[in-house]
file query.cif (mmCIF, C-alpha atoms and all ligand atoms)
data_structure
#
loop_
_atom_site.label_atom_id
_atom_site.label_comp_id
_atom_site.auth_asym_id
_atom_site.auth_seq_id
_atom_site.Cartn_x
_atom_site.Cartn_y
_atom_site.Cartn_z
CA MET U 15 -26.89 -9.12 -31.72
CA LEU U 16 -23.23 -9.52 -30.79
CA LYS U 17 -22.73 -5.80 -31.26
CA THR U 18 -25.59 -5.02 -28.85
CA LEU U 19 -24.18 -7.45 -26.29
CA LEU U 20 -20.71 -5.97 -26.55
CA LEU U 21 -22.13 -2.49 -26.21
CA ALA U 22 -24.09 -3.51 -23.09
CA LEU U 23 -20.94 -5.07 -21.64
CA ALA U 24 -18.90 -1.94 -22.34
CA VAL U 25 -21.53 0.25 -20.70
CA THR U 26 -21.67 -2.03 -17.64
CA LEU U 27 -17.88 -2.06 -17.31
CA GLY U 28 -17.93 1.72 -17.63
CA PHE U 29 -20.38 1.97 -14.75
CA LEU U 30 -18.35 -0.41 -12.59
CA GLN U 31 -15.24 1.64 -13.28
CA THR U 32 -17.01 4.85 -12.21
CA ASP U 33 -18.40 3.14 -9.10
CA ARG U 34 -15.02 1.86 -8.08
CA GLN U 35 -13.46 5.25 -8.69
CA SER U 36 -15.99 7.10 -6.53
CA ILE U 37 -15.92 4.53 -3.71
CA CYS U 38 -12.11 4.59 -3.65
CA ASN U 39 -12.08 8.38 -3.64
CA LYS U 40 -14.33 8.26 -0.56
CA ILE U 41 -12.05 5.74 1.16
CA ASN U 42 -9.08 7.95 0.33
CA THR U 43 -10.79 10.98 1.88
CA LEU U 44 -11.71 8.95 4.96
CA ASN U 45 -8.15 7.63 5.31
CA THR U 46 -6.77 11.19 5.14
CA LYS U 47 -9.16 12.24 7.91
CA VAL U 48 -8.08 9.27 10.06
CA LEU U 49 -4.42 10.15 9.46
CA ASN U 50 -4.99 13.75 10.48
CA GLY U 51 -7.24 12.88 13.39
CA THR U 52 -10.06 15.05 12.04
CA ILE U 53 -12.79 12.41 12.29
CA ASP U 54 -14.45 10.79 15.28
CA ARG U 55 -13.28 7.17 15.70
CA LYS U 56 -16.78 5.71 15.79
CA ALA U 57 -17.80 7.58 12.65
CA ALA U 58 -14.61 6.47 10.90
CA LEU U 59 -15.22 2.86 11.82
CA ALA U 60 -18.80 2.93 10.55
CA GLN U 61 -17.85 4.65 7.29
CA PHE U 62 -14.99 2.28 6.64
CA GLY U 63 -17.26 -0.74 6.98
CA VAL U 64 -19.88 0.66 4.60
CA LEU U 65 -17.32 1.64 1.96
CA ILE U 66 -15.54 -1.72 1.99
CA LYS U 67 -18.90 -3.44 1.60
CA GLN U 68 -19.69 -1.23 -1.39
CA LEU U 69 -16.28 -1.92 -2.90
CA ASN U 70 -16.78 -5.66 -2.49
CA ALA U 71 -19.89 -5.42 -4.68
CA VAL U 72 -17.65 -4.31 -7.56
CA PRO U 73 -15.88 -7.36 -8.98
CA VAL U 74 -12.12 -7.36 -9.44
CA ALA U 75 -10.29 -10.00 -11.44
CA GLY U 76 -7.53 -12.28 -10.31
CA LYS U 77 -6.01 -13.82 -7.23
CA HIS U 78 -2.68 -15.42 -6.54
CA ALA U 79 -1.68 -17.59 -3.62
CA GLN U 80 1.93 -16.50 -4.08
CA TRP U 81 2.99 -12.86 -3.89
CA VAL U 82 5.49 -10.99 -5.99
CA PHE U 83 8.20 -9.38 -3.83
CA PRO U 84 7.36 -5.64 -3.54
CA LEU U 85 10.84 -4.38 -4.44
CA LYS U 86 12.14 -5.13 -7.91
CA GLY U 87 15.61 -6.68 -7.87
CA TYR U 88 15.51 -7.35 -4.11
CA ARG U 89 14.82 -10.40 -1.95
CA ALA U 90 13.77 -11.20 1.59
CA ASN U 91 17.36 -10.82 2.83
CA ALA U 92 16.85 -7.04 2.40
CA ILE U 93 14.19 -7.08 5.13
CA GLY U 94 15.41 -5.30 8.29
CA GLY U 95 15.96 -7.04 11.61
CA VAL U 96 16.62 -10.71 12.26
CA ASN U 97 14.12 -13.13 10.70
CA GLY U 98 11.61 -10.34 10.37
CA ASN U 99 11.66 -9.26 14.03
CA GLY U 100 11.20 -5.61 12.98
CA TYR U 101 7.49 -6.39 12.84
CA ILE U 102 5.69 -5.29 16.02
CA SER U 103 1.90 -5.06 15.93
CA LYS U 104 1.13 -4.87 19.65
CA GLY U 105 -0.58 -1.56 20.44
CA TYR U 106 -1.32 -0.65 16.82
CA ASN U 107 -4.75 0.72 15.96
CA TYR U 108 -5.58 1.98 12.46
CA LEU U 109 -7.89 4.61 13.96
CA ASP U 110 -4.94 6.28 15.69
CA GLY U 111 -3.95 7.57 12.25
CA ASN U 112 -0.61 9.34 12.06
CA LYS U 113 -0.24 8.98 15.83
CA HIS U 114 -0.38 5.18 15.73
CA LYS U 115 1.89 3.12 17.95
CA ALA U 116 4.06 0.05 17.16
CA HIS U 117 5.53 -0.91 13.77
CA PRO U 118 3.27 -3.49 12.11
CA ALA U 119 5.54 -3.55 9.08
CA HIS U 120 8.72 -4.76 7.49
CA ASP U 121 11.28 -2.24 6.31
CA ILE U 122 12.97 -3.44 3.14
CA PHE U 123 16.29 -1.69 2.64
CA ILE U 124 17.98 -0.79 -0.63
CA THR U 125 21.67 -0.09 -1.18
CA ASP U 126 21.74 3.70 -1.21
CA ARG U 127 24.67 4.97 0.85
CA ASP U 128 24.51 8.54 -0.46
CA GLN U 129 20.72 8.66 0.13
CA ASN U 130 19.83 9.94 -3.33
CA ASP U 131 17.18 7.21 -3.84
CA LEU U 132 19.28 5.56 -6.58
CA ASP U 133 20.42 1.97 -6.18
CA ASP U 134 24.22 2.16 -5.70
CA ARG U 135 24.66 -0.99 -7.80
CA THR U 136 22.74 0.21 -10.85
CA ASN U 137 22.45 3.97 -10.36
CA LYS U 138 18.73 3.62 -11.06
CA LEU U 139 15.54 4.20 -9.09
CA ILE U 140 13.94 1.03 -7.74
CA ASP U 141 10.41 -0.02 -8.63
CA VAL U 142 7.84 -0.74 -5.94
CA LEU U 143 5.53 -3.54 -7.13
CA SER U 144 2.05 -4.56 -6.06
CA VAL U 145 2.33 -7.98 -4.40
CA ASP U 146 -0.99 -9.14 -5.90
CA ASP U 147 -3.89 -7.99 -8.08
CA GLY U 148 -5.96 -5.31 -6.41
CA VAL U 149 -7.46 -1.84 -6.32
CA VAL U 150 -5.79 1.32 -5.01
CA ILE U 151 -8.04 2.58 -2.21
CA ALA U 152 -5.91 5.41 -0.84
CA CYS U 153 -2.65 7.21 -1.49
CA SER U 154 -0.88 10.49 -1.09
CA ASN U 155 1.29 11.83 -3.87
CA VAL U 156 2.09 14.99 -1.95
CA TRP U 157 4.63 15.33 0.81
CA ASP U 158 7.14 18.00 1.76
CA ALA U 159 10.07 17.92 4.14
CA GLY U 160 8.20 20.03 6.71
CA SER U 161 5.31 17.58 7.00
CA ASN U 162 4.98 15.43 10.11
CA LEU U 163 3.21 12.64 8.18
CA ARG U 164 5.14 9.47 8.85
CA GLY U 165 4.17 7.52 5.74
CA GLY U 166 5.23 10.24 3.30
CA LYS U 167 3.98 9.33 -0.15
CA TYR U 168 2.07 6.14 0.61
CA ILE U 169 -0.24 3.70 -1.19
CA TRP U 170 -2.95 1.36 0.11
CA VAL U 171 -3.91 -1.50 -2.22
CA TYR U 172 -7.01 -3.58 -1.51
CA HIS U 173 -6.97 -7.26 -2.53
CA PRO U 174 -10.68 -8.19 -2.49
CA ARG U 175 -10.46 -11.94 -3.03
CA TYR U 176 -8.53 -12.45 0.19
CA ASN U 177 -10.00 -9.43 1.97
CA TYR U 178 -6.74 -7.76 2.91
CA VAL U 179 -4.85 -4.60 2.05
CA THR U 180 -1.17 -3.93 1.55
CA TYR U 181 0.54 -0.65 2.40
CA TYR U 182 3.64 0.85 0.77
CA ALA U 183 5.22 3.91 2.39
CA HIS U 184 8.11 6.41 1.95
CA ASN U 185 7.87 6.32 -1.86
CA ARG U 186 9.64 8.89 -4.02
CA GLN U 187 6.94 8.99 -6.65
CA LEU U 188 3.60 7.25 -7.21
CA PHE U 189 2.23 5.95 -10.50
CA VAL U 190 -1.33 5.16 -9.37
CA LYS U 191 -4.34 6.93 -7.89
CA PRO U 192 -7.41 5.82 -5.91
CA GLY U 193 -9.71 3.61 -7.98
CA ASP U 194 -6.94 2.25 -10.21
CA GLU U 195 -6.94 -1.49 -10.71
CA VAL U 196 -3.42 -2.93 -10.43
CA LYS U 197 -2.01 -6.28 -11.52
CA GLN U 198 0.32 -8.48 -9.53
CA GLY U 199 3.87 -7.24 -10.06
CA GLN U 200 2.76 -3.92 -11.52
CA LYS U 201 5.00 -0.92 -10.82
CA ILE U 202 3.04 1.36 -8.51
CA ALA U 203 5.83 3.62 -7.21
CA GLU U 204 9.56 4.17 -6.85
CA VAL U 205 11.39 3.81 -3.55
CA GLY U 206 12.13 7.07 -1.80
CA ARG U 207 12.74 8.80 1.51
CA THR U 208 9.43 10.61 2.09
CA GLY U 209 7.96 10.63 5.60
CA PHE U 210 8.83 12.34 8.89
CA SER U 211 11.51 9.85 10.02
CA ALA U 212 12.38 8.29 6.67
CA TYR U 213 13.56 11.68 5.42
CA LYS U 214 16.14 12.07 8.18
CA LYS U 215 19.77 11.22 7.61
CA ARG U 216 19.82 8.50 10.28
CA SER U 217 17.29 6.49 8.25
CA PRO U 218 18.66 4.28 5.46
CA THR U 219 16.49 4.32 2.31
CA HIS U 220 13.76 1.68 2.51
CA LEU U 221 10.25 0.59 1.63
CA HIS U 222 7.96 0.32 4.66
CA PHE U 223 5.62 -2.56 3.81
CA SER U 224 2.56 -3.75 5.75
CA ALA U 225 -0.37 -6.10 5.29
CA PHE U 226 -3.74 -5.73 7.01
CA SER U 227 -6.74 -8.01 7.17
CA LEU U 228 -10.13 -6.35 6.77
CA ALA U 229 -11.92 -9.05 8.71
CA ASP U 230 -13.38 -6.51 11.16
CA ASN U 231 -13.99 -3.93 8.44
CA ILE U 232 -10.99 -1.88 9.46
CA PRO U 233 -7.35 -2.68 8.74
CA VAL U 234 -5.93 -5.06 11.36
CA PRO U 235 -2.25 -5.92 10.78
CA PHE U 236 -0.98 -9.42 10.17
CA ASN U 237 2.63 -10.46 9.77
CA PRO U 238 3.40 -10.95 6.05
CA TYR U 239 6.96 -12.21 6.66
CA ASN U 240 6.42 -15.74 5.34
CA LYS U 241 4.62 -14.43 2.27
CA LEU U 242 7.57 -12.10 1.58
CA VAL U 243 10.10 -14.89 2.06
CA ASN U 244 8.17 -17.17 -0.31
CA ALA U 245 7.38 -14.47 -2.87
CA ALA U 246 8.26 -14.69 -6.55
CA HIS U 247 10.77 -12.14 -7.91
CA LEU U 248 10.60 -9.83 -10.88
ZN ZN U 301 8.93 1.12 8.80
#

call {"tool": "encode", "arguments": {"input": "query.cif", "output": "C-alpha cells"}}
result
Amino acid sequence: MLKTLLLALAVTLGFLQTDRQSICNKINTLNTKVLNGTIDRKAALAQFGVLIKQLNAVPVAGKHAQWVFPLKGYRANAIGGVNGNGYISKGYNYLDGNKHKAHPAHDIFITDRDQNDLDDRTNKLIDVLSVDDGVVIACSNVWDAGSNLRGGKYIWVYHPRYNYVTYYAHNRQLFVKPGDEVKQGQKIAEVGRTGFSAYKKRSPTHLHFSAFSLADNIPVPFNPYNKLVNAAHL
C-alpha cells in the first residue's frame, strides 16, 4: 500500500517537474524574443500572462519574508548611489526588451580594481545567491564581447508565493537553467562583467539586481532597496 502511494507520488512529482521545465522553457523563449524585439508587444503580453498562469498551477515549496542578500560576503553598503538612488523606474517597460529605458535596478559593486572578476580581498570569484525560494524562468548563459545585449549572462527567478521575479545580470557564469527550482541563498551564478556596458573599462564590476511584480502578468519593477538593506547574509 505504502509502496503504491510512494510510487504514485513519485510519478506525480515527475510530471510536475516536466511541466515546470516545459513552461519555463517557453517563458525563456518568449523573454529572448522580447529582448531581441522579434515579437509583437500585444502577442508577448498575452503569452506572458498565459504562461505565468500555467506556472502558478505547478506548486513550489517555501516562502520567506526576509531575503538573503544576493552577493555572498557583501552588504547593502555595496549598493551604488546614495541610499539606493541608483534605482530609476520611470519610463521602464518590460516589453521594450533590450531597448528599455531607465534603470529599475540596484548595482551592487564588488572590490575588483583590476577587473578580473576576482574579489581583491580574497582573490576568489563571488557567488550570486537567489534572494528567496523560486523557479528559474529565463536565463542566458551565452554572451560575447561583440553582443549589444545589456544584461549579458542574466537570470530571472520567479517567486510564486509573492508573485514577483528577481533579475540578476552581468554574471560571469551561471549554474542554473530554466525550470530549475532554487532555494533561498542558493548559488545561482558568479559575478562578472558580461553585458554591453558592464564589459567596458569605465564600468566597475557589479551585480545588476532588480525585482518585478507580476501583478499585471508582465514584470513591473518595484524598488527592492529596503528588502536588500534588511536582508540576511550568507
Ligand atoms: Zn545596472

call {"tool": "residues_near_ligand", "arguments": {"input": "query.cif", "ligand": "ligand ZN 301 (chain U)", "cutoff": "6 Å", "atoms": "all atoms listed in the file", "output": "ChimeraX atom specification"}}
result
/U:119,121,222

call {"tool": "closest_residue", "arguments": {"input": "query.cif", "among": "U:Tyr213, U:Tyr178, U:Tyr88, U:Phe236", "to": "U:Gly165", "atoms": "all atoms listed in the file"}}
result
U:Tyr213

call {"tool": "residues_around", "arguments": {"input": "query.cif", "residues": "U:Asn237", "least_positions_apart": "5", "cutoff": "8 Å", "atoms": "only C-alpha atoms", "output": "short mmCIF file (atom, residue, chain, number, x, y, z; two decimals) with C-alpha atoms, in the frame of the given file"}}
result
data_model
loop_
_atom_site.label_atom_id
_atom_site.label_comp_id
_atom_site.auth_asym_id
_atom_site.auth_seq_id
_atom_site.Cartn_x
_atom_site.Cartn_y
_atom_site.Cartn_z
CA TYR U 101 7.49 -6.39 12.84
CA PRO U 118 3.27 -3.49 12.11
CA ALA U 119 5.54 -3.55 9.08
CA SER U 224 2.56 -3.75 5.75
CA ALA U 225 -0.37 -6.10 5.29
#

call {"tool": "closest_residue", "arguments": {"input": "query.cif", "among": "U:Ser211, U:Ala60, U:Ile122, U:Gly105", "to": "U:Ala90", "atoms": "all atoms listed in the file"}}
result
U:Ile122

call {"tool": "residues_around", "arguments": {"input": "query.cif", "residues": "U:Val234", "least_positions_apart": "6", "cutoff": "9 Å", "atoms": "only C-alpha atoms", "output": "list in words"}}
result
Tyr106, Asn107, Tyr108, Tyr178, Ala225, Phe226, Ser227 and Leu228 of chain U

call {"tool": "closest_residue", "arguments": {"input": "query.cif", "among": "U:Gln129, U:Gln198, U:Ser161, U:Asn177", "to": "U:Gln80", "atoms": "all atoms listed in the file"}}
result
U:Gln198

call {"tool": "closest_residue", "arguments": {"input": "query.cif", "among": "U:Phe210, U:Tyr182, U:Phe83, U:Trp170", "to": "U:Ala152", "atoms": "only C-alpha atoms"}}
result
U:Trp170
